[in-house]
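Here's the structure, in C-alpha cells; my notes come after.
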Amino acid sequence: MPRASLSRETVVGLALRVVDEEGPAALTLSAVAARAGVATPSLYKHVRNLAELRELLSAHVMGEISARIGDAVLGRSGDEALHALMTAWRSYVRTHPGRYAAMIQSPQPGLAEAGERLLDVMFAALRSYGLTDSESVHAVRCLRSAVHGFVLLEAAGAFGLPESLDDTYELLTRMITAGLHAPRP
C-alpha cells in the first residue's frame, strides 16, 4: 500500500486486520506499519501512539456492535428485543473474536461517544420493561455482564462440557428476561 493512501481510518482498518488475523496481542505499531508497507514513524502522522490506536480501534468496534444490535432490535420490544440484542451481540463476537477481545472495556474519554451509542441501544431495548432510570442502569450492567462473560468464555473455548452452547445461551437469554419480569423490591 503506498504511503499516500494512509489516513487515520486506513490505520484503524489495518489494526482491525491485525487483531482479526493474529489476535489482540499482535497489535503493535510496527505490525500495522508492516501491513501498510511503511516505516513505523510514518504512522505518527495519523495516530499519536499505540494507546490512541487501541482507543480508535475500540471506538470502531463499539460502533460496529451498536449498529449490529441496533439493527437487530429495530421494530421489536420487550423479550423479543432483548433476545435479538443478545443474539446479535453473540453473533458479532463469533464473527470477530479478535476485535472484541481487543476492545477496551473500561470507560475512557476517547470512547465516551461510542460507549454512549452502545448504551443508548441497550437502554432502548429495555424501555418496554417499565424500569426506573436506576433500575435500567442495573439491568444494563447485568445484561452486559452476562453477554460479555458468555461470549468471552465461548471465544476462548472455555466451555468443555458436551451440551449445546446454543442451548446454554438460550437459557441465559431466558434467565435475563425472566429477571426483568420479576417483582422489584
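Starting from 1 in every chain, residues are counted up; chains themselves are A, B, ... following the order of the C-alpha cells, and ligands are numbered from 1 as listed.
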Which residues come within 10 Å of range 35-44 of chain A, counting only C-alpha atoms, excluding same-chain residues fewer than 6 positions away, as a count of residues only? 17
Taking only residues of range 81-106 of chain A that have an atom at most 10 Å from an atom of range 148-156 of chain A, what is each one's shortest atom pair and its distance in Å to one decimal, using only C-alpha atoms, in chain and number order, as JSON lines?
```
{"residue": "A:Met86", "atom": "CA", "partner": "A:His148", "partner_atom": "CA", "distance": 9.8}
{"residue": "A:Trp89", "atom": "CA", "partner": "A:Val151", "partner_atom": "CA", "distance": 8.5}
{"residue": "A:Arg90", "atom": "CA", "partner": "A:Val151", "partner_atom": "CA", "distance": 6.0}
{"residue": "A:Ser91", "atom": "CA", "partner": "A:Val151", "partner_atom": "CA", "distance": 9.1}
{"residue": "A:Tyr92", "atom": "CA", "partner": "A:Val151", "partner_atom": "CA", "distance": 9.6}
{"residue": "A:Val93", "atom": "CA", "partner": "A:Val151", "partner_atom": "CA", "distance": 6.6}
{"residue": "A:Arg94", "atom": "CA", "partner": "A:Ala155", "partner_atom": "CA", "distance": 6.9}
{"residue": "A:Thr95", "atom": "CA", "partner": "A:Ala155", "partner_atom": "CA", "distance": 9.9}
{"residue": "A:His96", "atom": "CA", "partner": "A:Ala155", "partner_atom": "CA", "distance": 9.5}
{"residue": "A:Pro97", "atom": "CA", "partner": "A:Ala155", "partner_atom": "CA", "distance": 6.3}
{"residue": "A:Gly98", "atom": "CA", "partner": "A:Ala155", "partner_atom": "CA", "distance": 9.0}
{"residue": "A:Tyr100", "atom": "CA", "partner": "A:Leu152", "partner_atom": "CA", "distance": 8.5}
{"residue": "A:Ala101", "atom": "CA", "partner": "A:Leu152", "partner_atom": "CA", "distance": 7.6}
{"residue": "A:Gln105", "atom": "CA", "partner": "A:His148", "partner_atom": "CA", "distance": 10.0}
```
Keeping only N, CA and C atoms, take the residues you just selected and write them out as a compact mmCIF listing (two decimals), in the first residue's frame.
```txt
# COMPACT_ATOMS: atom_id res chain seq x y z
N MET A 86 -29.24 -9.84 22.39
CA MET A 86 -28.28 -10.81 22.88
C MET A 86 -27.76 -11.72 21.76
N TRP A 89 -25.34 -9.62 19.52
CA TRP A 89 -24.07 -9.38 20.20
C TRP A 89 -23.19 -10.63 20.12
N ARG A 90 -23.78 -11.77 20.42
CA ARG A 90 -23.02 -13.02 20.36
C ARG A 90 -22.56 -13.29 18.93
N SER A 91 -23.41 -13.04 17.97
CA SER A 91 -23.05 -13.25 16.57
C SER A 91 -21.87 -12.37 16.18
N TYR A 92 -21.87 -11.13 16.64
CA TYR A 92 -20.74 -10.24 16.33
C TYR A 92 -19.44 -10.83 16.88
N VAL A 93 -19.46 -11.27 18.11
CA VAL A 93 -18.23 -11.79 18.73
C VAL A 93 -17.79 -13.08 18.06
N ARG A 94 -18.73 -13.90 17.65
CA ARG A 94 -18.36 -15.13 16.94
C ARG A 94 -17.72 -14.80 15.60
N THR A 95 -18.16 -13.74 14.97
CA THR A 95 -17.61 -13.33 13.68
C THR A 95 -16.27 -12.61 13.84
N HIS A 96 -16.13 -11.84 14.92
CA HIS A 96 -14.93 -11.02 15.14
C HIS A 96 -14.35 -11.20 16.54
N PRO A 97 -13.94 -12.40 16.90
CA PRO A 97 -13.44 -12.61 18.27
C PRO A 97 -12.21 -11.78 18.60
N GLY A 98 -11.32 -11.58 17.64
CA GLY A 98 -10.12 -10.78 17.89
C GLY A 98 -10.45 -9.32 18.14
N TYR A 100 -13.27 -8.12 19.27
CA TYR A 100 -13.96 -7.99 20.55
C TYR A 100 -12.98 -8.09 21.71
N ALA A 101 -12.06 -9.02 21.62
CA ALA A 101 -11.07 -9.18 22.69
C ALA A 101 -10.14 -7.97 22.79
N GLN A 105 -12.50 -2.24 27.58
CA GLN A 105 -13.77 -2.42 28.27
C GLN A 105 -14.07 -1.34 29.31
```
Can you pull out every residue within 7 Å of Ile69 in chain A, counting only C-alpha atoms, but drop anything in the same chain fewer than 4 positions away, and send it as a VMD selection string? chain A and resid 65 73 85 88 to 89
I need the residues from that last selection saved to file as an mmCIF file, in the first residue's frame (with C-alpha atoms), if you can.
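Heads up, here's the output in part-v1.cif:
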```cif
data_model
loop_
_atom_site.group_PDB
_atom_site.id
_atom_site.type_symbol
_atom_site.label_atom_id
_atom_site.label_comp_id
_atom_site.auth_asym_id
_atom_site.auth_seq_id
_atom_site.Cartn_x
_atom_site.Cartn_y
_atom_site.Cartn_z
ATOM 1 C CA ILE A 65 -21.651 -3.664 17.812
ATOM 2 C CA VAL A 73 -33.798 -4.639 17.932
ATOM 3 C CA LEU A 85 -29.924 -7.902 21.107
ATOM 4 C CA ALA A 88 -26.763 -10.151 17.619
ATOM 5 C CA TRP A 89 -24.067 -9.377 20.199
#
```
What residues in chain A get the DSSP label helix (DSSP H, G or I)? Please answer as a PDB file with C-alpha atoms, in the first residue's frame.
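Done, and the output landed in part11.pdb:
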```pdb
ATOM      1  CA  ARG A   3       2.215   5.830   1.767  1.00  0.00           C
ATOM      2  CA  ALA A   4      -0.041   8.459   0.147  1.00  0.00           C
ATOM      3  CA  SER A   5      -3.129   6.357   0.851  1.00  0.00           C
ATOM      4  CA  ARG A   8      -6.351   7.588  10.309  1.00  0.00           C
ATOM      5  CA  GLU A   9      -9.183   5.387   9.010  1.00  0.00           C
ATOM      6  CA  THR A  10      -6.748   3.276   6.988  1.00  0.00           C
ATOM      7  CA  VAL A  11      -4.513   2.800  10.011  1.00  0.00           C
ATOM      8  CA  VAL A  12      -7.508   1.682  12.103  1.00  0.00           C
ATOM      9  CA  GLY A  13      -8.564  -0.667   9.294  1.00  0.00           C
ATOM     10  CA  LEU A  14      -5.109  -2.221   9.237  1.00  0.00           C
ATOM     11  CA  ALA A  15      -5.181  -2.570  13.031  1.00  0.00           C
ATOM     12  CA  LEU A  16      -8.520  -4.379  12.724  1.00  0.00           C
ATOM     13  CA  ARG A  17      -6.946  -6.792  10.243  1.00  0.00           C
ATOM     14  CA  VAL A  18      -4.086  -7.459  12.649  1.00  0.00           C
ATOM     15  CA  VAL A  19      -6.419  -8.366  15.524  1.00  0.00           C
ATOM     16  CA  ASP A  20      -8.738 -10.317  13.218  1.00  0.00           C
ATOM     17  CA  GLU A  21      -5.932 -12.417  11.782  1.00  0.00           C
ATOM     18  CA  GLU A  22      -3.384 -12.587  14.601  1.00  0.00           C
ATOM     19  CA  PRO A  24      -5.089  -8.641  20.089  1.00  0.00           C
ATOM     20  CA  ALA A  25      -1.621  -9.424  21.447  1.00  0.00           C
ATOM     21  CA  ALA A  26      -0.196  -8.950  17.936  1.00  0.00           C
ATOM     22  CA  LEU A  29       2.515  -0.049  15.610  1.00  0.00           C
ATOM     23  CA  SER A  30       5.226  -1.982  13.804  1.00  0.00           C
ATOM     24  CA  ALA A  31       2.719  -4.699  12.812  1.00  0.00           C
ATOM     25  CA  VAL A  32       0.368  -2.059  11.406  1.00  0.00           C
ATOM     26  CA  ALA A  33       3.223  -0.266   9.658  1.00  0.00           C
ATOM     27  CA  ALA A  34       4.364  -3.530   8.080  1.00  0.00           C
ATOM     28  CA  ARG A  35       0.885  -4.092   6.676  1.00  0.00           C
ATOM     29  CA  ALA A  36       0.866  -0.539   5.342  1.00  0.00           C
ATOM     30  CA  THR A  40       6.582   2.823  11.932  1.00  0.00           C
ATOM     31  CA  PRO A  41       7.271   6.578  12.306  1.00  0.00           C
ATOM     32  CA  SER A  42       5.005   7.198   9.295  1.00  0.00           C
ATOM     33  CA  LEU A  43       2.039   6.172  11.439  1.00  0.00           C
ATOM     34  CA  TYR A  44       2.625   9.051  13.868  1.00  0.00           C
ATOM     35  CA  LYS A  45       1.074  11.421  11.329  1.00  0.00           C
ATOM     36  CA  LEU A  50      -0.390   2.584  20.374  1.00  0.00           C
ATOM     37  CA  ALA A  51      -2.724   3.658  23.178  1.00  0.00           C
ATOM     38  CA  GLU A  52      -4.554   6.025  20.837  1.00  0.00           C
ATOM     39  CA  LEU A  53      -4.727   3.348  18.145  1.00  0.00           C
ATOM     40  CA  ARG A  54      -6.258   0.918  20.652  1.00  0.00           C
ATOM     41  CA  GLU A  55      -8.786   3.575  21.622  1.00  0.00           C
ATOM     42  CA  LEU A  56      -9.686   4.260  17.979  1.00  0.00           C
ATOM     43  CA  LEU A  57      -9.996   0.528  17.321  1.00  0.00           C
ATOM     44  CA  SER A  58     -12.232   0.164  20.378  1.00  0.00           C
ATOM     45  CA  ALA A  59     -14.483   3.012  19.276  1.00  0.00           C
ATOM     46  CA  HIS A  60     -14.776   1.385  15.853  1.00  0.00           C
ATOM     47  CA  VAL A  61     -15.697  -1.988  17.375  1.00  0.00           C
ATOM     48  CA  MET A  62     -18.253  -0.386  19.693  1.00  0.00           C
ATOM     49  CA  GLY A  63     -19.749   1.309  16.655  1.00  0.00           C
ATOM     50  CA  GLU A  64     -19.997  -1.994  14.822  1.00  0.00           C
ATOM     51  CA  ILE A  65     -21.651  -3.664  17.812  1.00  0.00           C
ATOM     52  CA  SER A  66     -24.061  -0.727  18.239  1.00  0.00           C
ATOM     53  CA  ALA A  67     -25.046  -0.960  14.581  1.00  0.00           C
ATOM     54  CA  ARG A  68     -25.451  -4.737  14.713  1.00  0.00           C
ATOM     55  CA  ILE A  69     -27.585  -4.808  17.862  1.00  0.00           C
ATOM     56  CA  GLY A  70     -29.438  -1.642  16.823  1.00  0.00           C
ATOM     57  CA  ASP A  71     -30.487  -3.276  13.570  1.00  0.00           C
ATOM     58  CA  ALA A  72     -31.488  -6.415  15.468  1.00  0.00           C
ATOM     59  CA  VAL A  73     -33.798  -4.639  17.932  1.00  0.00           C
ATOM     60  CA  GLY A  78     -39.689  -6.483  25.348  1.00  0.00           C
ATOM     61  CA  ASP A  79     -38.420 -10.038  25.384  1.00  0.00           C
ATOM     62  CA  GLU A  80     -38.218 -10.139  21.600  1.00  0.00           C
ATOM     63  CA  ALA A  81     -35.925  -7.087  21.521  1.00  0.00           C
ATOM     64  CA  LEU A  82     -33.766  -8.414  24.328  1.00  0.00           C
ATOM     65  CA  HIS A  83     -33.408 -11.803  22.646  1.00  0.00           C
ATOM     66  CA  ALA A  84     -32.497 -10.110  19.359  1.00  0.00           C
ATOM     67  CA  LEU A  85     -29.924  -7.902  21.107  1.00  0.00           C
ATOM     68  CA  MET A  86     -28.276 -10.813  22.880  1.00  0.00           C
ATOM     69  CA  THR A  87     -28.246 -12.938  19.737  1.00  0.00           C
ATOM     70  CA  ALA A  88     -26.763 -10.151  17.619  1.00  0.00           C
ATOM     71  CA  TRP A  89     -24.067  -9.377  20.199  1.00  0.00           C
ATOM     72  CA  ARG A  90     -23.023 -13.022  20.358  1.00  0.00           C
ATOM     73  CA  SER A  91     -23.054 -13.246  16.567  1.00  0.00           C
ATOM     74  CA  TYR A  92     -20.740 -10.243  16.335  1.00  0.00           C
ATOM     75  CA  VAL A  93     -18.231 -11.787  18.732  1.00  0.00           C
ATOM     76  CA  ARG A  94     -18.356 -15.126  16.941  1.00  0.00           C
ATOM     77  CA  THR A  95     -17.609 -13.326  13.676  1.00  0.00           C
ATOM     78  CA  PRO A  97     -13.440 -12.612  18.268  1.00  0.00           C
ATOM     79  CA  GLY A  98     -10.116 -10.781  17.887  1.00  0.00           C
ATOM     80  CA  ARG A  99     -11.768  -7.390  17.551  1.00  0.00           C
ATOM     81  CA  TYR A 100     -13.958  -7.987  20.551  1.00  0.00           C
ATOM     82  CA  ALA A 101     -11.070  -9.181  22.693  1.00  0.00           C
ATOM     83  CA  ALA A 102      -9.043  -6.111  21.673  1.00  0.00           C
ATOM     84  CA  PRO A 109     -12.639   9.794  27.413  1.00  0.00           C
ATOM     85  CA  GLY A 110     -11.996   8.876  23.779  1.00  0.00           C
ATOM     86  CA  LEU A 111     -14.633   6.147  23.939  1.00  0.00           C
ATOM     87  CA  ALA A 112     -17.401   8.203  25.528  1.00  0.00           C
ATOM     88  CA  GLU A 113     -19.360   8.836  22.322  1.00  0.00           C
ATOM     89  CA  ALA A 114     -19.120   5.244  21.062  1.00  0.00           C
ATOM     90  CA  GLY A 115     -19.954   3.901  24.516  1.00  0.00           C
ATOM     91  CA  GLU A 116     -22.945   6.197  24.768  1.00  0.00           C
ATOM     92  CA  ARG A 117     -24.310   4.946  21.428  1.00  0.00           C
ATOM     93  CA  LEU A 118     -23.966   1.353  22.610  1.00  0.00           C
ATOM     94  CA  LEU A 119     -25.676   2.132  25.909  1.00  0.00           C
ATOM     95  CA  ASP A 120     -28.465   4.006  24.109  1.00  0.00           C
ATOM     96  CA  VAL A 121     -29.324   0.878  22.123  1.00  0.00           C
ATOM     97  CA  MET A 122     -29.291  -1.230  25.270  1.00  0.00           C
ATOM     98  CA  PHE A 123     -31.476   1.214  27.208  1.00  0.00           C
ATOM     99  CA  ALA A 124     -33.904   1.399  24.278  1.00  0.00           C
ATOM    100  CA  ALA A 125     -34.175  -2.393  24.172  1.00  0.00           C
ATOM    101  CA  LEU A 126     -35.114  -2.374  27.867  1.00  0.00           C
ATOM    102  CA  ARG A 127     -37.566   0.547  27.685  1.00  0.00           C
ATOM    103  CA  SER A 128     -40.722  -1.542  27.475  1.00  0.00           C
ATOM    104  CA  TYR A 129     -39.975  -3.225  30.808  1.00  0.00           C
ATOM    105  CA  ASP A 133     -33.706   5.108  35.452  1.00  0.00           C
ATOM    106  CA  SER A 134     -31.770   3.452  38.273  1.00  0.00           C
ATOM    107  CA  GLU A 135     -33.259   0.030  37.521  1.00  0.00           C
ATOM    108  CA  SER A 136     -32.340   0.469  33.862  1.00  0.00           C
ATOM    109  CA  VAL A 137     -28.710   1.107  34.773  1.00  0.00           C
ATOM    110  CA  HIS A 138     -28.650  -2.044  36.888  1.00  0.00           C
ATOM    111  CA  ALA A 139     -30.356  -4.034  34.125  1.00  0.00           C
ATOM    112  CA  VAL A 140     -27.854  -2.838  31.503  1.00  0.00           C
ATOM    113  CA  ARG A 141     -24.975  -3.774  33.789  1.00  0.00           C
ATOM    114  CA  CYS A 142     -26.418  -7.244  34.330  1.00  0.00           C
ATOM    115  CA  LEU A 143     -27.145  -7.702  30.633  1.00  0.00           C
ATOM    116  CA  ARG A 144     -23.653  -6.596  29.607  1.00  0.00           C
ATOM    117  CA  SER A 145     -22.030  -8.778  32.260  1.00  0.00           C
ATOM    118  CA  ALA A 146     -23.987 -11.853  31.210  1.00  0.00           C
ATOM    119  CA  VAL A 147     -23.430 -11.436  27.467  1.00  0.00           C
ATOM    120  CA  HIS A 148     -19.806 -10.343  27.793  1.00  0.00           C
ATOM    121  CA  GLY A 149     -18.927 -13.176  30.124  1.00  0.00           C
ATOM    122  CA  PHE A 150     -20.555 -15.818  27.968  1.00  0.00           C
ATOM    123  CA  VAL A 151     -19.099 -14.637  24.668  1.00  0.00           C
ATOM    124  CA  LEU A 152     -15.579 -14.298  26.085  1.00  0.00           C
ATOM    125  CA  LEU A 153     -15.707 -17.782  27.558  1.00  0.00           C
ATOM    126  CA  GLU A 154     -17.115 -19.153  24.317  1.00  0.00           C
ATOM    127  CA  ALA A 155     -14.482 -17.405  22.188  1.00  0.00           C
ATOM    128  CA  LEU A 165     -23.723 -23.813  23.663  1.00  0.00           C
ATOM    129  CA  ASP A 166     -26.710 -22.568  21.707  1.00  0.00           C
ATOM    130  CA  ASP A 167     -28.996 -24.187  24.272  1.00  0.00           C
ATOM    131  CA  THR A 168     -26.963 -22.669  27.098  1.00  0.00           C
ATOM    132  CA  TYR A 169     -27.144 -19.214  25.541  1.00  0.00           C
ATOM    133  CA  GLU A 170     -30.884 -19.584  25.025  1.00  0.00           C
ATOM    134  CA  LEU A 171     -31.194 -20.442  28.723  1.00  0.00           C
ATOM    135  CA  LEU A 172     -29.108 -17.389  29.615  1.00  0.00           C
ATOM    136  CA  THR A 173     -31.416 -15.238  27.489  1.00  0.00           C
ATOM    137  CA  ARG A 174     -34.485 -16.658  29.215  1.00  0.00           C
ATOM    138  CA  MET A 175     -32.906 -16.110  32.634  1.00  0.00           C
ATOM    139  CA  ILE A 176     -32.193 -12.454  31.838  1.00  0.00           C
ATOM    140  CA  THR A 177     -35.701 -11.833  30.535  1.00  0.00           C
ATOM    141  CA  ALA A 178     -37.255 -13.671  33.499  1.00  0.00           C
ATOM    142  CA  GLY A 179     -35.255 -11.463  35.820  1.00  0.00           C
ATOM    143  CA  LEU A 180     -36.656  -8.378  34.144  1.00  0.00           C
ATOM    144  CA  HIS A 181     -40.192  -9.678  34.729  1.00  0.00           C
TER     145      HIS A 181
END
```
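Here CA of Met103 in chain A is placed at a distance of 17.0 Å from CA of Val47 in chain A.
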